[in-house]
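Before any comments, here is the structure.
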Amino acid sequence: MEFPINEFQQAETPFYYYDLGLLRRTLAEVKRTAGDVHVSYAVKANNDARILKLIAEAGLGADCVSGGEIEASLAAGFPAGKITFAGVGKTDREITIGLTAGIGCFNIESLPELEVINELAGKLGKVAPVAIRVNPNIDAHTHSYITTGLAENKFGINLEQLADAIDAVRSLPNVSLRGLHFHVGSQVLSMEPYAHLCRRVAEIEASFPDVEFKVINVGGGLGIDYENPDANPIPDFGAYFSTLHNNLQLRPGQEVHCELGRSIVGQCGSLISRVVYVKHGTKKDFVIVDGGMSELIRPALYDAHHPIQNLSAAAGGELMKYDVVGPVCESSDVFATDELLPETRRGDLIAFRCAGAYGETMASNYNLRHLNPSIYYED
Ligand code: LLP
């Protein structure tokens, strides 16, 4: 990845850096491999206005989980009809934003929510398109990373309740059934859970032969290579889409939709930070940087490791072992322990790679810290 170091030297750190050229190439690969799958972008992964605009221009839809995300997507140029609204706790205000804009689909997660959407749509004289989010209860013992598609979590409607949910949609005057929505989990690197999901979709459809599901939305979750961003800057979209094509048994006229977040924006972003101090402890040497868990919480929250690159050190020197830590007053504000880096000095610029997804969107101002404006690279 290209890093415009001279521009970085002038900038206040920490900030996010986005390689929009890589984003364009990633989107081109999605389009090349998707075939007739309708691809939406999960806005929660990154809602930077320039990024959203590029993705809207590429023709993807927007998968939103709040009124704010719907508004940001409309402002970025996504057509309302290509916006979907998911989430277990949609408020009346947010539902009204979606109804007024005329979004393409509400992915409903409970019967009380369905009733509220029906009532609010009625007040506005509209009919709301809805898809029922089904919890596919895909076996977590074989795939422990699948944490959202299990019967015990809060997402979706369990299979035993699906018949009632379909009846409820059909009985209410101001909602119309568009299809079914699923999601198996995130950072999924094996194709098996997707094949499994496709088989589950076929079983479900077989139980409802007389119900029209125009749309089958298989959710998102395709993972990225967090350890080798330069070797694998673009995920294997070909394998993903061919798994869907090969395993879904579609009815005539049926559309397949998916909503990818991390795989689209994950590799194009880095958090850039400056070394404030190098501290030699009795047991460890610490690199203390000016970005922390307030700017990139994934290491503290999920024990995630983002590759760390010293952009100022000359390549090829001897590697030293450091704990790389942020300035926040929490002992979990650690990016990595025993990380091998070239000899690192105060003032060096450090890139935390693979941070384009769930980096900036999960930042906070804890400790009243401040994230500086992003820098973009276009080749
Ligand atoms: N669709 C639904 C219904 C979802 O819940 C999610 C993500 C997506 C699509 C997009 O998934 P993706 O393609 O990005 O994996 N903050 C965590 C990830 C949370 C994902 C939540 N749902 C992280 O930093 O790893």
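By convention in this document, the chains of the structure tokens carry letters A, B, ... by their order, each chain's residues are numbered from 1, and ligands are numbered from 1 in the order they are shown.
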In stretch 92-310 of chain A, what's helix (DSSP H, G or I) per DSSP? Answer as an NGL selection string? :A and (92-101 or 111-123 or 159-171 or 192-207 or 237-247 or 262-268 or 298-302)
Any chance you could list, as a ChimeraX atom specification, the residues in stretch 119-312 of chain A that come up strand (DSSP E or B) when DSSP is run on the backbone? /A:128-135,157-158,175-181,188,215-217,222,255-260,269-280,285-289,308-310
Could the residues in this selection be saved with C-alpha atoms as a PDB file, in the first residue's frame?
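The resulting file, part_21.pdb, is reproduced below:
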```pdb
ATOM      1  CA  ALA A 128     -43.793  -0.737   3.867  1.00  0.00           C
ATOM      2  CA  PRO A 129     -41.812  -3.478   2.118  1.00  0.00           C
ATOM      3  CA  VAL A 130     -40.516  -5.900   4.755  1.00  0.00           C
ATOM      4  CA  ALA A 131     -38.252  -8.920   4.851  1.00  0.00           C
ATOM      5  CA  ILE A 132     -38.299 -11.251   7.815  1.00  0.00           C
ATOM      6  CA  ARG A 133     -34.891 -11.735   9.392  1.00  0.00           C
ATOM      7  CA  VAL A 134     -34.639 -15.400  10.180  1.00  0.00           C
ATOM      8  CA  ASN A 135     -32.189 -16.690  12.700  1.00  0.00           C
ATOM      9  CA  ILE A 157     -36.947 -14.521  14.347  1.00  0.00           C
ATOM     10  CA  ASN A 158     -36.376 -18.155  15.244  1.00  0.00           C
ATOM     11  CA  VAL A 175     -46.763  -3.977   5.048  1.00  0.00           C
ATOM     12  CA  SER A 176     -45.904  -6.264   2.168  1.00  0.00           C
ATOM     13  CA  LEU A 177     -43.627  -9.285   2.273  1.00  0.00           C
ATOM     14  CA  ARG A 178     -40.520  -8.901   0.147  1.00  0.00           C
ATOM     15  CA  GLY A 179     -38.543 -11.869   1.311  1.00  0.00           C
ATOM     16  CA  LEU A 180     -36.258 -13.395   3.888  1.00  0.00           C
ATOM     17  CA  HIS A 181     -33.105 -12.004   5.457  1.00  0.00           C
ATOM     18  CA  VAL A 188     -16.041 -15.531   8.057  1.00  0.00           C
ATOM     19  CA  VAL A 215     -35.749 -11.560  -2.210  1.00  0.00           C
ATOM     20  CA  ILE A 216     -33.362 -13.886  -0.397  1.00  0.00           C
ATOM     21  CA  ASN A 217     -30.877 -11.726   1.487  1.00  0.00           C
ATOM     22  CA  LEU A 222     -17.040 -12.280   4.353  1.00  0.00           C
ATOM     23  CA  GLU A 255     -33.340 -12.218  -6.376  1.00  0.00           C
ATOM     24  CA  VAL A 256     -30.318 -12.880  -4.165  1.00  0.00           C
ATOM     25  CA  HIS A 257     -29.082  -9.979  -2.087  1.00  0.00           C
ATOM     26  CA  CYS A 258     -26.075  -9.701   0.207  1.00  0.00           C
ATOM     27  CA  GLU A 259     -24.674  -6.974   2.421  1.00  0.00           C
ATOM     28  CA  LEU A 260     -20.896  -6.883   2.743  1.00  0.00           C
ATOM     29  CA  GLY A 269      -7.939   2.012   5.786  1.00  0.00           C
ATOM     30  CA  SER A 270      -5.144   2.437   8.321  1.00  0.00           C
ATOM     31  CA  LEU A 271      -4.969   4.346  11.578  1.00  0.00           C
ATOM     32  CA  ILE A 272      -1.896   6.574  11.455  1.00  0.00           C
ATOM     33  CA  SER A 273      -0.348   7.511  14.755  1.00  0.00           C
ATOM     34  CA  ARG A 274       2.859   9.115  15.988  1.00  0.00           C
ATOM     35  CA  VAL A 275       5.194   7.654  18.586  1.00  0.00           C
ATOM     36  CA  VAL A 276       5.102   9.924  21.617  1.00  0.00           C
ATOM     37  CA  TYR A 277       7.629   8.047  23.726  1.00  0.00           C
ATOM     38  CA  VAL A 278       9.696   4.900  23.705  1.00  0.00           C
ATOM     39  CA  LYS A 279       9.888   3.738  27.284  1.00  0.00           C
ATOM     40  CA  HIS A 280      12.388   1.132  28.443  1.00  0.00           C
ATOM     41  CA  ASP A 285      10.121  -1.891  25.989  1.00  0.00           C
ATOM     42  CA  PHE A 286       7.020   0.131  25.240  1.00  0.00           C
ATOM     43  CA  VAL A 287       6.188   2.112  22.140  1.00  0.00           C
ATOM     44  CA  ILE A 288       3.603   4.648  23.265  1.00  0.00           C
ATOM     45  CA  VAL A 289       1.623   6.137  20.396  1.00  0.00           C
ATOM     46  CA  ILE A 308       1.779  -2.566  12.765  1.00  0.00           C
ATOM     47  CA  GLN A 309       4.146  -0.823  10.381  1.00  0.00           C
ATOM     48  CA  ASN A 310       6.733   1.788  11.284  1.00  0.00           C
TER      49      ASN A 310
END
```
Using only C-alpha atoms and all ligand atoms, find each residue with an atom at most 10 Å away from ligand 1 and format the answer as JSON, numbers by chain. {"A": [40, 41, 42, 43, 44, 45, 46, 63, 64, 65, 85, 86, 87, 88, 107, 133, 147, 148, 149, 155, 156, 181, 182, 183, 184, 185, 186, 187, 188, 217, 218, 219, 220, 221, 222, 223, 224, 258, 259, 260, 261, 262, 263, 264, 265, 266, 296, 297, 298, 299, 301, 302, 304, 355, 356, 357, 358, 359, 361, 362]}
Serialized selection, C-alpha atoms, as a PDB file, in the first residue's frame:
```pdb
ATOM      1  CA  SER A  40     -25.313  -3.850  -0.680  1.00  0.00           C
ATOM      2  CA  TYR A  41     -22.688  -2.258   1.501  1.00  0.00           C
ATOM      3  CA  ALA A  42     -23.051  -2.521   5.302  1.00  0.00           C
ATOM      4  CA  VAL A  43     -22.660   1.133   6.270  1.00  0.00           C
ATOM      5  CA  LYS A  44     -21.806   0.266   9.871  1.00  0.00           C
ATOM      6  CA  ALA A  45     -18.342  -0.821   8.710  1.00  0.00           C
ATOM      7  CA  ASN A  46     -17.394   2.703   7.643  1.00  0.00           C
ATOM      8  CA  ASP A  63     -27.542  -1.759   4.406  1.00  0.00           C
ATOM      9  CA  CYS A  64     -28.320   0.563   7.318  1.00  0.00           C
ATOM     10  CA  VAL A  65     -28.906  -0.021  11.007  1.00  0.00           C
ATOM     11  CA  PHE A  85     -32.955  -0.943   7.295  1.00  0.00           C
ATOM     12  CA  ALA A  86     -32.031  -3.699   9.776  1.00  0.00           C
ATOM     13  CA  GLY A  87     -31.640  -3.829  13.552  1.00  0.00           C
ATOM     14  CA  VAL A  88     -33.517  -5.152  16.575  1.00  0.00           C
ATOM     15  CA  ASN A 107     -35.594  -6.188   7.689  1.00  0.00           C
ATOM     16  CA  ARG A 133     -34.891 -11.735   9.392  1.00  0.00           C
ATOM     17  CA  THR A 147     -22.102 -15.663  16.800  1.00  0.00           C
ATOM     18  CA  THR A 148     -25.100 -13.871  15.341  1.00  0.00           C
ATOM     19  CA  GLY A 149     -26.940 -16.754  13.676  1.00  0.00           C
ATOM     20  CA  PHE A 155     -31.111 -11.268  16.260  1.00  0.00           C
ATOM     21  CA  GLY A 156     -33.927 -12.292  13.978  1.00  0.00           C
ATOM     22  CA  HIS A 181     -33.105 -12.004   5.457  1.00  0.00           C
ATOM     23  CA  PHE A 182     -30.275 -13.952   7.098  1.00  0.00           C
ATOM     24  CA  HIS A 183     -26.827 -13.272   8.508  1.00  0.00           C
ATOM     25  CA  VAL A 184     -24.439 -15.934   9.789  1.00  0.00           C
ATOM     26  CA  GLY A 185     -21.741 -13.809  11.426  1.00  0.00           C
ATOM     27  CA  SER A 186     -18.746 -11.681  10.643  1.00  0.00           C
ATOM     28  CA  GLN A 187     -15.080 -12.210   9.630  1.00  0.00           C
ATOM     29  CA  VAL A 188     -16.041 -15.531   8.057  1.00  0.00           C
ATOM     30  CA  ASN A 217     -30.877 -11.726   1.487  1.00  0.00           C
ATOM     31  CA  VAL A 218     -27.952 -13.789   2.786  1.00  0.00           C
ATOM     32  CA  GLY A 219     -26.446 -10.963   4.868  1.00  0.00           C
ATOM     33  CA  GLY A 220     -22.744 -10.235   5.048  1.00  0.00           C
ATOM     34  CA  GLY A 221     -19.726 -11.461   6.924  1.00  0.00           C
ATOM     35  CA  LEU A 222     -17.040 -12.280   4.353  1.00  0.00           C
ATOM     36  CA  GLY A 223     -13.698 -11.865   6.124  1.00  0.00           C
ATOM     37  CA  ILE A 224     -10.370 -10.284   5.226  1.00  0.00           C
ATOM     38  CA  CYS A 258     -26.075  -9.701   0.207  1.00  0.00           C
ATOM     39  CA  GLU A 259     -24.674  -6.974   2.421  1.00  0.00           C
ATOM     40  CA  LEU A 260     -20.896  -6.883   2.743  1.00  0.00           C
ATOM     41  CA  GLY A 261     -19.064  -4.481   5.041  1.00  0.00           C
ATOM     42  CA  ARG A 262     -15.590  -5.494   6.165  1.00  0.00           C
ATOM     43  CA  SER A 263     -14.607  -7.186   2.899  1.00  0.00           C
ATOM     44  CA  ILE A 264     -15.262  -3.967   0.973  1.00  0.00           C
ATOM     45  CA  VAL A 265     -13.555  -1.369   3.176  1.00  0.00           C
ATOM     46  CA  GLY A 266     -11.380  -3.312   5.629  1.00  0.00           C
ATOM     47  CA  LEU A 296      -9.303   1.819  17.189  1.00  0.00           C
ATOM     48  CA  ILE A 297     -11.054  -0.300  19.800  1.00  0.00           C
ATOM     49  CA  ARG A 298     -10.849  -3.700  18.088  1.00  0.00           C
ATOM     50  CA  PRO A 299      -7.651  -4.859  19.891  1.00  0.00           C
ATOM     51  CA  LEU A 301     -12.569  -5.187  22.600  1.00  0.00           C
ATOM     52  CA  TYR A 302     -11.939  -8.360  20.622  1.00  0.00           C
ATOM     53  CA  ALA A 304      -7.849  -8.339  17.467  1.00  0.00           C
ATOM     54  CA  ALA A 355      -8.471  -0.729   9.961  1.00  0.00           C
ATOM     55  CA  GLY A 356     -10.903   0.468   7.281  1.00  0.00           C
ATOM     56  CA  ALA A 357     -13.791  -1.539   8.733  1.00  0.00           C
ATOM     57  CA  TYR A 358     -15.116  -0.992  12.261  1.00  0.00           C
ATOM     58  CA  GLY A 359     -12.209   1.345  13.017  1.00  0.00           C
ATOM     59  CA  THR A 361     -17.054   4.005  13.080  1.00  0.00           C
ATOM     60  CA  MET A 362     -16.317   2.545  16.502  1.00  0.00           C
TER      61      MET A 362
END
```
Contacts of A:Ile70 within 10 Å, only C-alpha atoms, excl. fewer than 5 positions in-chain, as a ChimeraX atom specification: /A:43,62-65,75-76,78,80,83-85,94,97-98,101,103
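Counting only C-alpha atoms and comparing A:Gln249, A:Ser242, A:Gln254, A:Gln267, the residue that lies closest to A:Pro229 is A:Gln267.
Taking atom CA of A:Arg251 and atom CA of A:Pro136 as the two end points, the separation is 19.5 Å.
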Using only C-alpha atoms, the best pick from A:Gly104, A:Pro4, A:Gly122, A:Gly253 as closest to A:Ser312 would be A:Pro4
Hey, what's within 12 Å of A:Leu20 if we count only C-alpha atoms and toss same-chain stuff fewer than 4 positions away? As number ranges by chain, please? A: 1-3, 24-27, 48, 50-55, 264-270, 356, 374-379
